[in-house]
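Undergrad: Here you go, this is work-v8.tsv (TSV, C-alpha atoms).
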chain	number	residue	atom	x	y	z
A	1	MET	CA	-59.21	-20.51	-107.30
A	2	THR	CA	-58.63	-17.36	-105.30
A	3	VAL	CA	-57.61	-16.93	-101.70
A	4	LYS	CA	-61.19	-16.19	-100.71
A	5	ASP	CA	-62.27	-19.65	-101.94
A	6	LEU	CA	-60.10	-21.21	-99.23
A	7	SER	CA	-62.76	-20.24	-96.72
A	8	GLN	CA	-64.91	-23.02	-98.21
A	9	VAL	CA	-62.29	-25.70	-97.56
A	10	GLU	CA	-63.30	-27.90	-94.67
A	11	GLY	CA	-60.93	-27.77	-91.71
A	12	LEU	CA	-59.35	-24.40	-92.56
A	13	LYS	CA	-59.71	-21.55	-90.11
A	14	ALA	CA	-59.23	-17.98	-91.42
A	15	HIS	CA	-57.03	-15.66	-89.32
A	16	HIS	CA	-56.68	-12.92	-91.90
A	17	VAL	CA	-58.20	-12.78	-95.39
A	18	ALA	CA	-56.65	-10.06	-97.52
A	19	GLU	CA	-58.68	-7.80	-99.79
A	20	GLY	CA	-58.54	-8.53	-103.51
A	21	ASP	CA	-58.74	-11.76	-105.42
A	22	GLN	CA	-55.22	-13.13	-105.23
A	23	ALA	CA	-54.99	-16.31	-107.33
A	24	VAL	CA	-54.04	-19.67	-105.84
A	25	LYS	CA	-52.78	-21.91	-108.65
A	26	ASP	CA	-50.63	-24.41	-106.79
A	27	ILE	CA	-49.61	-25.64	-103.34
A	28	TYR	CA	-46.10	-25.70	-101.86
A	29	CYS	CA	-45.40	-27.62	-98.66
A	30	GLY	CA	-42.23	-26.71	-96.80
A	31	ASP	CA	-40.87	-25.88	-93.37
A	32	LEU	CA	-37.37	-24.78	-94.34
A	33	LEU	CA	-37.84	-21.21	-95.50
A	34	SER	CA	-34.61	-21.34	-97.53
A	35	ASP	CA	-36.09	-24.22	-99.51
A	36	VAL	CA	-39.35	-22.32	-99.95
A	37	MET	CA	-37.33	-19.32	-101.17
A	38	ALA	CA	-35.56	-21.47	-103.75
A	39	ASN	CA	-38.48	-23.52	-105.04
A	40	ALA	CA	-41.99	-22.17	-104.38
A	41	GLN	CA	-43.75	-20.76	-107.45
A	42	GLU	CA	-45.67	-17.50	-107.49
A	43	ASP	CA	-49.38	-17.74	-106.68
A	44	SER	CA	-48.93	-20.91	-104.61
A	45	ALA	CA	-50.46	-21.50	-101.20
A	46	LEU	CA	-47.65	-22.13	-98.70
A	47	LEU	CA	-48.39	-24.98	-96.29
A	48	THR	CA	-45.97	-24.82	-93.37
A	49	ILE	CA	-45.57	-25.05	-89.60
A	50	GLN	CA	-43.41	-21.89	-89.49
A	51	ALA	CA	-45.81	-19.67	-87.52
A	52	HIS	CA	-43.80	-16.44	-87.38
A	53	LYS	CA	-43.55	-13.20	-89.28
A	54	ASN	CA	-40.47	-14.17	-91.31
A	55	THR	CA	-42.74	-16.56	-93.19
A	56	VAL	CA	-44.83	-13.55	-94.23
A	57	ALA	CA	-41.68	-11.82	-95.53
A	58	VAL	CA	-40.76	-14.86	-97.62
A	59	ALA	CA	-44.32	-15.18	-98.95
A	60	SER	CA	-44.35	-11.50	-99.87
A	61	LEU	CA	-41.02	-11.77	-101.66
A	62	LEU	CA	-42.24	-14.71	-103.76
A	63	GLY	CA	-45.77	-13.52	-104.42
A	64	LEU	CA	-47.47	-16.25	-102.41
A	65	GLY	CA	-50.88	-14.93	-101.46
A	66	VAL	CA	-51.69	-17.27	-98.62
A	67	ILE	CA	-49.99	-19.12	-95.80
A	68	VAL	CA	-51.74	-22.15	-94.28
A	69	LEU	CA	-50.30	-23.14	-90.91
A	70	CYS	CA	-50.55	-26.91	-90.40
A	71	ASN	CA	-50.59	-29.29	-87.41
A	72	GLY	CA	-52.62	-26.93	-85.23
A	73	ARG	CA	-50.07	-24.11	-85.20
A	74	THR	CA	-51.60	-20.68	-84.81
A	75	PRO	CA	-50.22	-17.31	-85.92
A	76	PRO	CA	-48.87	-14.95	-83.25
A	77	SER	CA	-50.28	-11.42	-83.36
A	78	ASP	CA	-47.14	-9.91	-84.95
A	79	MET	CA	-47.42	-12.42	-87.79
A	80	ILE	CA	-51.03	-11.38	-88.44
A	81	GLU	CA	-50.03	-7.70	-88.36
A	82	ALA	CA	-47.25	-8.37	-90.89
A	83	ALA	CA	-49.70	-10.29	-93.09
A	84	LYS	CA	-52.14	-7.36	-93.02
A	85	SER	CA	-49.47	-4.91	-94.12
A	86	GLU	CA	-48.32	-7.22	-96.94
A	87	ASP	CA	-51.83	-8.23	-98.10
A	88	ILE	CA	-51.21	-11.89	-97.40
A	89	SER	CA	-53.91	-14.19	-96.03
A	90	ILE	CA	-53.36	-16.61	-93.17
A	91	PHE	CA	-55.33	-19.78	-92.48
A	92	SER	CA	-54.64	-22.65	-90.10
A	93	SER	CA	-55.48	-26.32	-90.02
A	94	SER	CA	-55.26	-28.99	-87.34
A	95	ALA	CA	-54.26	-31.53	-90.02
A	96	ASN	CA	-50.75	-32.16	-91.33
A	97	HIS	CA	-49.39	-30.74	-94.61
A	98	TYR	CA	-50.42	-33.78	-96.69
A	99	LYS	CA	-54.00	-33.93	-95.47
A	100	THR	CA	-54.39	-30.16	-95.70
A	101	ALA	CA	-53.08	-30.20	-99.30
A	102	LEU	CA	-55.53	-33.01	-100.12
A	103	ALA	CA	-58.42	-30.93	-98.76
A	104	ILE	CA	-57.42	-27.86	-100.83
A	105	THR	CA	-56.59	-29.67	-104.09
A	106	PRO	CA	-60.20	-30.19	-105.38
A	107	PHE	CA	-60.69	-26.39	-105.27
A	108	LEU	CA	-57.58	-25.53	-107.34
B	1	MET	CA	-10.70	-17.36	-59.73
B	2	GLY	CA	-13.41	-14.75	-59.99
B	3	LEU	CA	-16.91	-14.21	-61.28
B	4	TYR	CA	-17.25	-12.32	-64.56
B	5	ARG	CA	-20.27	-11.16	-66.52
B	6	ILE	CA	-20.32	-12.34	-70.14
B	7	ASP	CA	-22.69	-11.78	-73.05
B	8	LEU	CA	-21.57	-13.46	-76.26
B	9	HIS	CA	-24.72	-13.12	-78.34
B	10	ASN	CA	-25.46	-9.65	-79.69
B	11	HIS	CA	-26.29	-8.10	-83.04
B	12	SER	CA	-25.62	-4.73	-84.62
B	13	SER	CA	-27.05	-2.63	-87.44
B	14	LEU	CA	-25.56	-5.16	-89.87
B	15	SER	CA	-28.19	-7.75	-88.92
B	16	PRO	CA	-31.31	-7.08	-90.98
B	17	CYS	CA	-33.63	-7.44	-88.01
B	18	ALA	CA	-31.60	-5.03	-85.81
B	19	GLU	CA	-32.19	-1.28	-85.56
B	20	ASP	CA	-30.29	0.88	-88.05
B	21	ASP	CA	-28.63	3.10	-85.44
B	22	PHE	CA	-27.51	0.14	-83.28
B	23	SER	CA	-23.81	0.45	-84.09
B	24	PRO	CA	-21.09	-1.70	-82.51
B	25	PHE	CA	-20.12	1.43	-80.55
B	26	LEU	CA	-23.59	1.84	-79.06
B	27	LEU	CA	-23.58	-1.87	-78.16
B	28	ALA	CA	-20.18	-1.68	-76.43
B	29	ILE	CA	-20.90	1.55	-74.53
B	30	GLU	CA	-24.21	0.24	-73.21
B	31	ALA	CA	-22.71	-3.17	-72.34
B	32	LYS	CA	-20.03	-1.41	-70.29
B	33	GLU	CA	-22.79	0.49	-68.46
B	34	LYS	CA	-24.51	-2.83	-67.73
B	35	GLY	CA	-21.40	-4.21	-66.04
B	36	ILE	CA	-20.43	-6.70	-68.73
B	37	ASP	CA	-16.79	-7.86	-68.74
B	38	ILE	CA	-16.69	-9.97	-71.91
B	39	LEU	CA	-18.83	-8.95	-74.88
B	40	GLY	CA	-19.51	-10.73	-78.17
B	41	LEU	CA	-20.84	-9.39	-81.44
B	42	SER	CA	-22.46	-12.07	-83.62
B	43	ASP	CA	-24.32	-10.71	-86.62
B	44	HIS	CA	-26.25	-13.02	-88.91
B	45	ASN	CA	-23.91	-14.71	-91.41
B	46	SER	CA	-21.52	-11.76	-91.55
B	47	THR	CA	-18.46	-10.40	-89.77
B	48	ASP	CA	-18.44	-7.03	-91.52
B	49	ASN	CA	-18.92	-5.00	-88.33
B	50	LEU	CA	-16.19	-6.71	-86.29
B	51	LYS	CA	-13.48	-4.12	-87.02
B	52	ALA	CA	-15.68	-1.36	-85.64
B	53	PHE	CA	-16.55	-3.63	-82.72
B	54	ALA	CA	-12.85	-4.19	-81.92
B	55	GLU	CA	-12.28	-0.45	-81.75
B	56	ALA	CA	-15.42	0.11	-79.69
B	57	CYS	CA	-14.36	-2.50	-77.10
B	58	LYS	CA	-10.87	-1.00	-76.92
B	59	ILE	CA	-12.30	2.45	-76.20
B	60	VAL	CA	-14.62	1.30	-73.40
B	61	ASP	CA	-12.23	-1.36	-72.05
B	62	LEU	CA	-14.27	-4.49	-72.66
B	63	ILE	CA	-12.88	-7.92	-73.55
B	64	PRO	CA	-14.21	-8.55	-77.09
B	65	PHE	CA	-15.28	-11.84	-78.62
B	66	PHE	CA	-15.43	-11.75	-82.40
B	67	GLY	CA	-18.40	-13.77	-83.48
B	68	ILE	CA	-20.92	-14.64	-86.12
B	69	GLU	CA	-24.34	-16.29	-85.85
B	70	VAL	CA	-24.35	-18.84	-88.64
B	71	THR	CA	-27.60	-20.12	-90.15
B	72	THR	CA	-26.90	-23.74	-91.07
B	73	ILE	CA	-28.56	-25.60	-93.94
B	74	GLU	CA	-31.02	-26.97	-91.36
B	75	GLU	CA	-31.84	-23.33	-90.47
B	76	VAL	CA	-30.34	-23.81	-87.04
B	77	HIS	CA	-28.55	-20.80	-85.52
B	78	VAL	CA	-25.02	-21.48	-84.24
B	79	LEU	CA	-22.82	-18.95	-82.46
B	80	VAL	CA	-19.17	-19.11	-83.42
B	81	SER	CA	-16.95	-16.75	-81.46
B	82	PHE	CA	-13.21	-16.09	-81.61
B	83	GLN	CA	-10.72	-14.56	-79.23
B	84	HIS	CA	-8.95	-12.78	-82.12
B	85	ILE	CA	-10.39	-10.84	-85.04
B	86	ALA	CA	-8.33	-12.27	-87.93
B	87	PRO	CA	-9.59	-15.87	-87.72
B	88	ALA	CA	-13.10	-14.52	-87.15
B	89	LEU	CA	-12.95	-12.53	-90.39
B	90	ALA	CA	-11.61	-15.60	-92.23
B	91	PHE	CA	-14.46	-17.68	-90.81
B	92	GLY	CA	-16.91	-14.99	-91.91
B	93	SER	CA	-15.49	-15.13	-95.41
B	94	TRP	CA	-16.02	-18.92	-95.47
B	95	VAL	CA	-19.62	-18.47	-94.33
B	96	ASN	CA	-20.12	-15.77	-96.96
B	97	ASP	CA	-18.88	-18.17	-99.65
B	98	HIS	CA	-21.63	-20.59	-98.63
B	99	LEU	CA	-24.49	-18.11	-98.51
B	100	PRO	CA	-26.81	-18.28	-101.54
B	101	TYR	CA	-27.16	-14.89	-103.20
B	102	TYR	CA	-30.48	-13.10	-102.98
B	103	PRO	CA	-30.75	-9.31	-103.02
B	104	ASN	CA	-31.92	-7.99	-99.67
B	105	ASN	CA	-35.39	-6.47	-99.55
B	106	GLU	CA	-35.04	-3.62	-97.04
B	107	LYS	CA	-38.75	-3.14	-96.68
B	108	LEU	CA	-39.29	-6.73	-95.56
B	109	PHE	CA	-36.09	-7.54	-93.70
B	110	GLY	CA	-34.53	-4.19	-92.82
B	111	ARG	CA	-31.24	-2.52	-93.75
B	112	GLN	CA	-27.78	-4.09	-93.23
B	113	LEU	CA	-25.41	-1.30	-92.26
B	114	ILE	CA	-21.63	-1.38	-91.82
B	115	TYR	CA	-19.84	1.03	-89.48
B	116	ASP	CA	-16.15	1.90	-89.71
B	117	GLU	CA	-13.64	2.08	-86.88
B	118	GLU	CA	-14.41	5.77	-86.34
B	119	GLY	CA	-18.08	5.15	-85.80
B	120	ASN	CA	-19.32	6.33	-89.20
B	121	GLN	CA	-21.88	4.36	-91.14
B	122	THR	CA	-19.99	3.75	-94.36
B	123	ALA	CA	-21.59	0.96	-96.36
B	124	GLU	CA	-24.57	-1.28	-96.73
B	125	VAL	CA	-24.60	-5.00	-97.51
B	126	GLU	CA	-26.74	-5.58	-100.61
B	127	ARG	CA	-27.10	-9.34	-100.37
B	128	MET	CA	-29.69	-10.87	-98.06
B	129	LEU	CA	-28.04	-12.06	-94.84
B	130	ALA	CA	-31.25	-13.46	-93.34
B	131	THR	CA	-31.18	-16.76	-95.16
B	132	ALA	CA	-29.62	-20.17	-94.66
B	133	THR	CA	-26.09	-21.09	-95.73
B	134	THR	CA	-25.37	-24.41	-97.41
B	135	LEU	CA	-23.24	-25.43	-94.40
B	136	GLY	CA	-24.33	-28.37	-92.24
B	137	PHE	CA	-24.75	-27.98	-88.46
B	138	GLU	CA	-21.99	-30.47	-87.65
B	139	GLU	CA	-19.68	-28.97	-90.29
B	140	VAL	CA	-19.95	-25.52	-88.67
B	141	ILE	CA	-19.40	-26.84	-85.15
B	142	ASP	CA	-16.44	-28.95	-86.27
B	143	LYS	CA	-14.66	-26.16	-88.19
B	144	ALA	CA	-15.22	-23.64	-85.38
B	145	LEU	CA	-13.72	-25.96	-82.74
B	146	ARG	CA	-10.78	-26.92	-84.96
B	147	GLU	CA	-9.98	-23.23	-85.34
B	148	GLY	CA	-10.04	-22.63	-81.61
B	149	ALA	CA	-13.36	-20.75	-81.54
B	150	LEU	CA	-16.26	-21.22	-79.19
B	151	ALA	CA	-19.02	-23.23	-80.90
B	152	ILE	CA	-22.38	-22.77	-79.24
B	153	PRO	CA	-25.82	-23.85	-80.49
B	154	ALA	CA	-27.91	-20.68	-80.02
B	155	HIS	CA	-31.15	-20.38	-78.02
B	156	ILE	CA	-31.80	-24.12	-78.10
B	157	ASP	CA	-35.13	-23.68	-76.27
B	158	ARG	CA	-36.61	-21.37	-78.90
B	159	GLY	CA	-39.44	-22.54	-81.17
B	160	SER	CA	-37.70	-21.63	-84.42
B	161	ASN	CA	-34.13	-21.62	-85.76
B	162	SER	CA	-32.90	-23.75	-82.86
B	163	VAL	CA	-31.27	-27.17	-82.85
B	164	LEU	CA	-34.11	-28.65	-80.79
B	165	SER	CA	-36.91	-27.16	-82.89
B	166	ASN	CA	-35.33	-27.97	-86.25
B	167	LEU	CA	-33.50	-31.25	-85.65
B	168	GLY	CA	-35.66	-32.48	-82.78
B	169	PHE	CA	-32.66	-33.45	-80.62
B	170	LEU	CA	-29.21	-32.23	-79.61
B	171	PRO	CA	-26.53	-34.22	-81.51
B	172	GLU	CA	-23.70	-35.36	-79.23
B	173	LEU	CA	-20.89	-33.05	-80.29
B	174	PRO	CA	-18.17	-31.35	-78.24
B	175	TYR	CA	-19.89	-27.93	-78.04
B	176	SER	CA	-18.13	-25.26	-76.01
B	177	ALA	CA	-21.50	-24.55	-74.34
B	178	ILE	CA	-25.19	-24.38	-75.15
B	179	GLU	CA	-27.18	-21.16	-75.09
B	180	VAL	CA	-30.71	-21.05	-73.69
B	181	VAL	CA	-33.28	-18.29	-73.32
B	182	THR	CA	-34.68	-19.61	-70.03
B	183	PRO	CA	-32.34	-21.76	-67.90
B	184	ARG	CA	-33.98	-24.94	-66.59
B	185	SER	CA	-32.54	-27.96	-64.79
B	186	GLU	CA	-33.10	-30.23	-67.81
B	187	PHE	CA	-30.56	-28.18	-69.78
B	188	GLU	CA	-27.94	-28.54	-67.04
B	189	GLU	CA	-28.33	-32.32	-67.39
B	190	LEU	CA	-27.26	-32.25	-71.06
B	191	GLY	CA	-23.63	-32.16	-69.94
B	192	TYR	CA	-22.52	-28.82	-71.39
B	193	PRO	CA	-22.01	-25.42	-69.77
B	194	VAL	CA	-25.31	-23.53	-70.06
B	195	LEU	CA	-25.06	-19.86	-71.04
B	196	THR	CA	-27.64	-17.19	-71.66
B	197	GLY	CA	-27.12	-14.39	-74.16
B	198	SER	CA	-29.03	-11.17	-74.68
B	199	ASP	CA	-29.43	-11.62	-78.46
B	200	ALA	CA	-29.78	-7.83	-78.43
B	201	HIS	CA	-31.05	-6.30	-81.66
B	202	ARG	CA	-31.51	-2.81	-80.22
B	203	PHE	CA	-30.10	-0.57	-77.52
B	204	GLU	CA	-32.83	-1.42	-74.97
B	205	GLU	CA	-31.97	-5.13	-75.13
B	206	VAL	CA	-28.28	-4.86	-74.25
B	207	GLY	CA	-27.47	-7.01	-71.24
B	208	ILE	CA	-30.99	-8.36	-70.68
B	209	ARG	CA	-29.75	-11.96	-70.62
B	210	SER	CA	-26.06	-11.69	-69.81
B	211	CYS	CA	-24.73	-14.38	-67.49
B	212	VAL	CA	-22.05	-14.81	-64.85
B	213	ILE	CA	-19.26	-17.38	-65.13
B	214	GLU	CA	-16.29	-18.33	-62.96
B	215	LEU	CA	-12.97	-17.69	-64.70
B	216	SER	CA	-9.31	-17.70	-63.68
B	217	ASP	CA	-9.07	-14.03	-64.69
B	218	ARG	CA	-10.79	-11.35	-66.75
B	219	SER	CA	-9.52	-12.42	-70.17
B	220	ALA	CA	-10.63	-14.01	-73.43
B	221	LYS	CA	-8.07	-16.74	-72.94
B	222	ALA	CA	-9.61	-17.64	-69.59
B	223	LEU	CA	-13.07	-17.96	-71.16
B	224	ILE	CA	-11.74	-20.17	-73.97
B	225	ALA	CA	-9.95	-22.33	-71.40
B	226	ALA	CA	-13.05	-22.59	-69.21
B	227	LEU	CA	-15.34	-23.64	-72.07
B	228	ASN	CA	-13.13	-25.44	-74.61
B	229	GLY	CA	-10.52	-26.70	-72.17
B	230	ARG	CA	-12.87	-28.43	-69.76
B	231	ARG	CA	-12.86	-31.74	-71.69
B	232	CYS	CA	-9.18	-32.32	-70.99
B	233	GLY	CA	-8.82	-29.99	-68.03
B	234	GLU	CA	-11.29	-31.60	-65.65
Can the structure in the file be given as structure tokens, please?
TA:
Amino acid sequence: MTVKDLSQVEGLKAHHVAEGDQAVKDIYCGDLLSDVMANAQEDSALLTIQAHKNTVAVASLLGLGVIVLCNGRTPPSDMIEAAKSEDISIFSSSANHYKTALAITPFL
Amino acid sequence: MGLYRIDLHNHSSLSPCAEDDFSPFLLAIEAKEKGIDILGLSDHNSTDNLKAFAEACKIVDLIPFFGIEVTTIEEVHVLVSFQHIAPALAFGSWVNDHLPYYPNNEKLFGRQLIYDEEGNQTAEVERMLATATTLGFEEVIDKALREGALAIPAHIDRGSNSVLSNLGFLPELPYSAIEVVTPRSEFEELGYPVLTGSDAHRFEEVGIRSCVIELSDRSAKALIAALNGRRCGE
């Protein structure tokens, strides 16, 4: 699937959808960014509660095209601005990581 | 006894998120202007600008505290601050040994610049300082206190990188103090001295959250005694 397909997933709200068709091949759930740095694979969707711009920096470094903020967290404006400049998409979900991953999985 | 203005939590150009021209000298000169008596420098996971900071504080006549803001394995920020530079540099070396190596990406995180004692920018740290060490929260607190430093959980009321946001509670440990962004009565009830710190990353932020504390005199020793000595002294 590509990042744009995430718009079809029930329960996901788009905050910024980047241009291009960045692939989403896997999902990584994690709230410790050091763990994400060490383990997330390129082209994964990052499911996290870390709603700040450092998450965008980590995603950019690893080639993760999309961040999905879970548990009702919403991105602050500086996070959205950072995502725009790095071509990273941001969605949010009111559900937890597990339920959000379950909702995305059929589209992978 | 007297009242003295302290500000233990400040960054310099060495911290990736700080401005490149924010040298330890600029920090010290502006802190002096703002009426600060005791000033700390605490860059992220590095003590490489402390020598320049020592010189800067000597020139402007400020009492220096030689610090570091450690990112623990739980991604909690802890301020560790020493009265003397040598043990601070040794502590910084220990932290450095426990920092996983990633090259810094300047575009995403910013540059990490070292200044020398004459105020010249002389080197740049290549490894990424803005990541977590493999050191546990309690391990950092324990080693800092054993070495006579101040051990202070940083900005505990912040939504990220704080002990309350990342652990969900404040473990009962003999902290020198706790640092908050916004003082509230509930923090006073935790049983530790409550400090604020500017967490300045640029010139304009110097002194914005300094605080006033009662000390026996204007000295580093008096601050250590007031914070670390209170458990046996009161």
Undergrad: Give me the residues within 12 Å of Asp142 of chain B as number ranges by chain, counting all atoms listed in the file and dropping any in the same chain fewer than 6 places off.
TA: B: 78, 80, 135-136, 148-152, 172-176
Undergrad: Do you have, as a Markdown table, the list of residues of chain B lying at most 7 Å from chain A, each with its nearest atom pair and that distance in Å to one decimal, counting all atoms listed in the file and ordered by chain then number?
TA:
| residue | atom | partner | partner_atom | distance |
| --- | --- | --- | --- | --- |
| B:Glu75 | CA | A:Leu32 | CA | 6.9 |
| B:Leu108 | CA | A:Ala57 | CA | 5.6 |
| B:Thr131 | CA | A:Ser34 | CA | 6.2 |
| B:Ala132 | CA | A:Ser34 | CA | 5.9 |
Undergrad: Of the candidates B:Ile85, B:Ala90, B:Leu79, B:Gln121, which one gets nearest to Ile178 of chain B if we count all atoms listed in the file?
TA: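 Closest candidate: B:Leu79.
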Undergrad: Please compute the atom CA of Ile90 of chain A-atom CA of Cys70 of chain A distance, one decimal, in Å.
TA: 11.0 Å
Undergrad: Near Pro106 of chain A, within 12 Å and counting all atoms listed in the file, which residues show up once chain neighbours fewer than 2 positions away are dropped, as a list in words?
TA: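 Non-adjacent residues within range: Met1, Asp5, Leu6, Gln8, Val9, Glu10, Lys25, Asp26, Ile27, Thr100, Ala101, Leu102, Ala103, Ile104 and Leu108 of chain A.
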Undergrad: How many Å lie between atom CA of Ser92 of chain A and atom CA of Glu106 of chain B, rounded to one decimal?
TA: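 Atom-to-atom, atom CA of Ser92 of chain A to atom CA of Glu106 of chain B, that is 28.2 Å.
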Undergrad: Write out as a PDB file with C-alpha atoms, in the frame of the given file the residues lying within 8 Å of Met128 of chain B, counting all atoms listed in the file and excluding same-chain residues fewer than 6 positions away.
TA:
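Below is the file result.pdb, written as the result:
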ATOM      1  CA  TYR B 101     -27.160 -14.890-103.200  1.00  0.00           C
ATOM      2  CA  TYR B 102     -30.480 -13.100-102.980  1.00  0.00           C
ATOM      3  CA  PRO B 103     -30.750  -9.310-103.020  1.00  0.00           C
ATOM      4  CA  ASN B 104     -31.920  -7.990 -99.670  1.00  0.00           C
ATOM      5  CA  ASN B 105     -35.390  -6.470 -99.550  1.00  0.00           C
TER       6      ASN B 105
END
Undergrad: Please report the interatomic distance between atom CA of Leu26 of chain B and atom CA of Gly159 of chain B in Å with one decimal.
TA: 29.2 Å
Undergrad: Extract, using all atoms listed in the file, all DNA, RNA and protein residues at most 12 Å from segment 23-25 of chain B, discarding same-chain residues fewer than 4 positions from it, and format them as a PyMOL selection string.
TA: chain B and resi 10-15+18-19+29-32+39-43+47-62+64+66+112-122+200-203+206
Undergrad: Write out as a list in words the residues lying within 12 Å of Asp87 of chain A, counting only C-alpha atoms and excluding same-chain residues fewer than 5 positions away.
TA: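 So the residues in contact are Val3, His16, Val17, Ala18, Glu19, Gly20, Asp21, Gln22, Val56, Ala57, Ala59, Ser60, Leu61, Gly63, Leu64, Gly65, Val66, Ile67, Met79, Ile80, Glu81 and Ala82 of chain A.
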Undergrad: Go through B:Glu126, B:Glu189, B:Glu204, B:Glu69 one by one, measure the shortest atom-to-atom distance of each to Lys34 of chain B using all atoms listed in the file, and give the residue with the smallest value.
TA: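 Ranking B:Glu126, B:Glu189, B:Glu204, B:Glu69 by distance to Lys34 of chain B, first place goes to B:Glu204.
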Undergrad: Counting all atoms listed in the file, which of B:Leu27, B:Ile68, B:Val180, B:Leu8 gets nearest to Pro87 of chain B?
TA: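 Looking at the shortest contact to Pro87 of chain B, the residue is B:Ile68.
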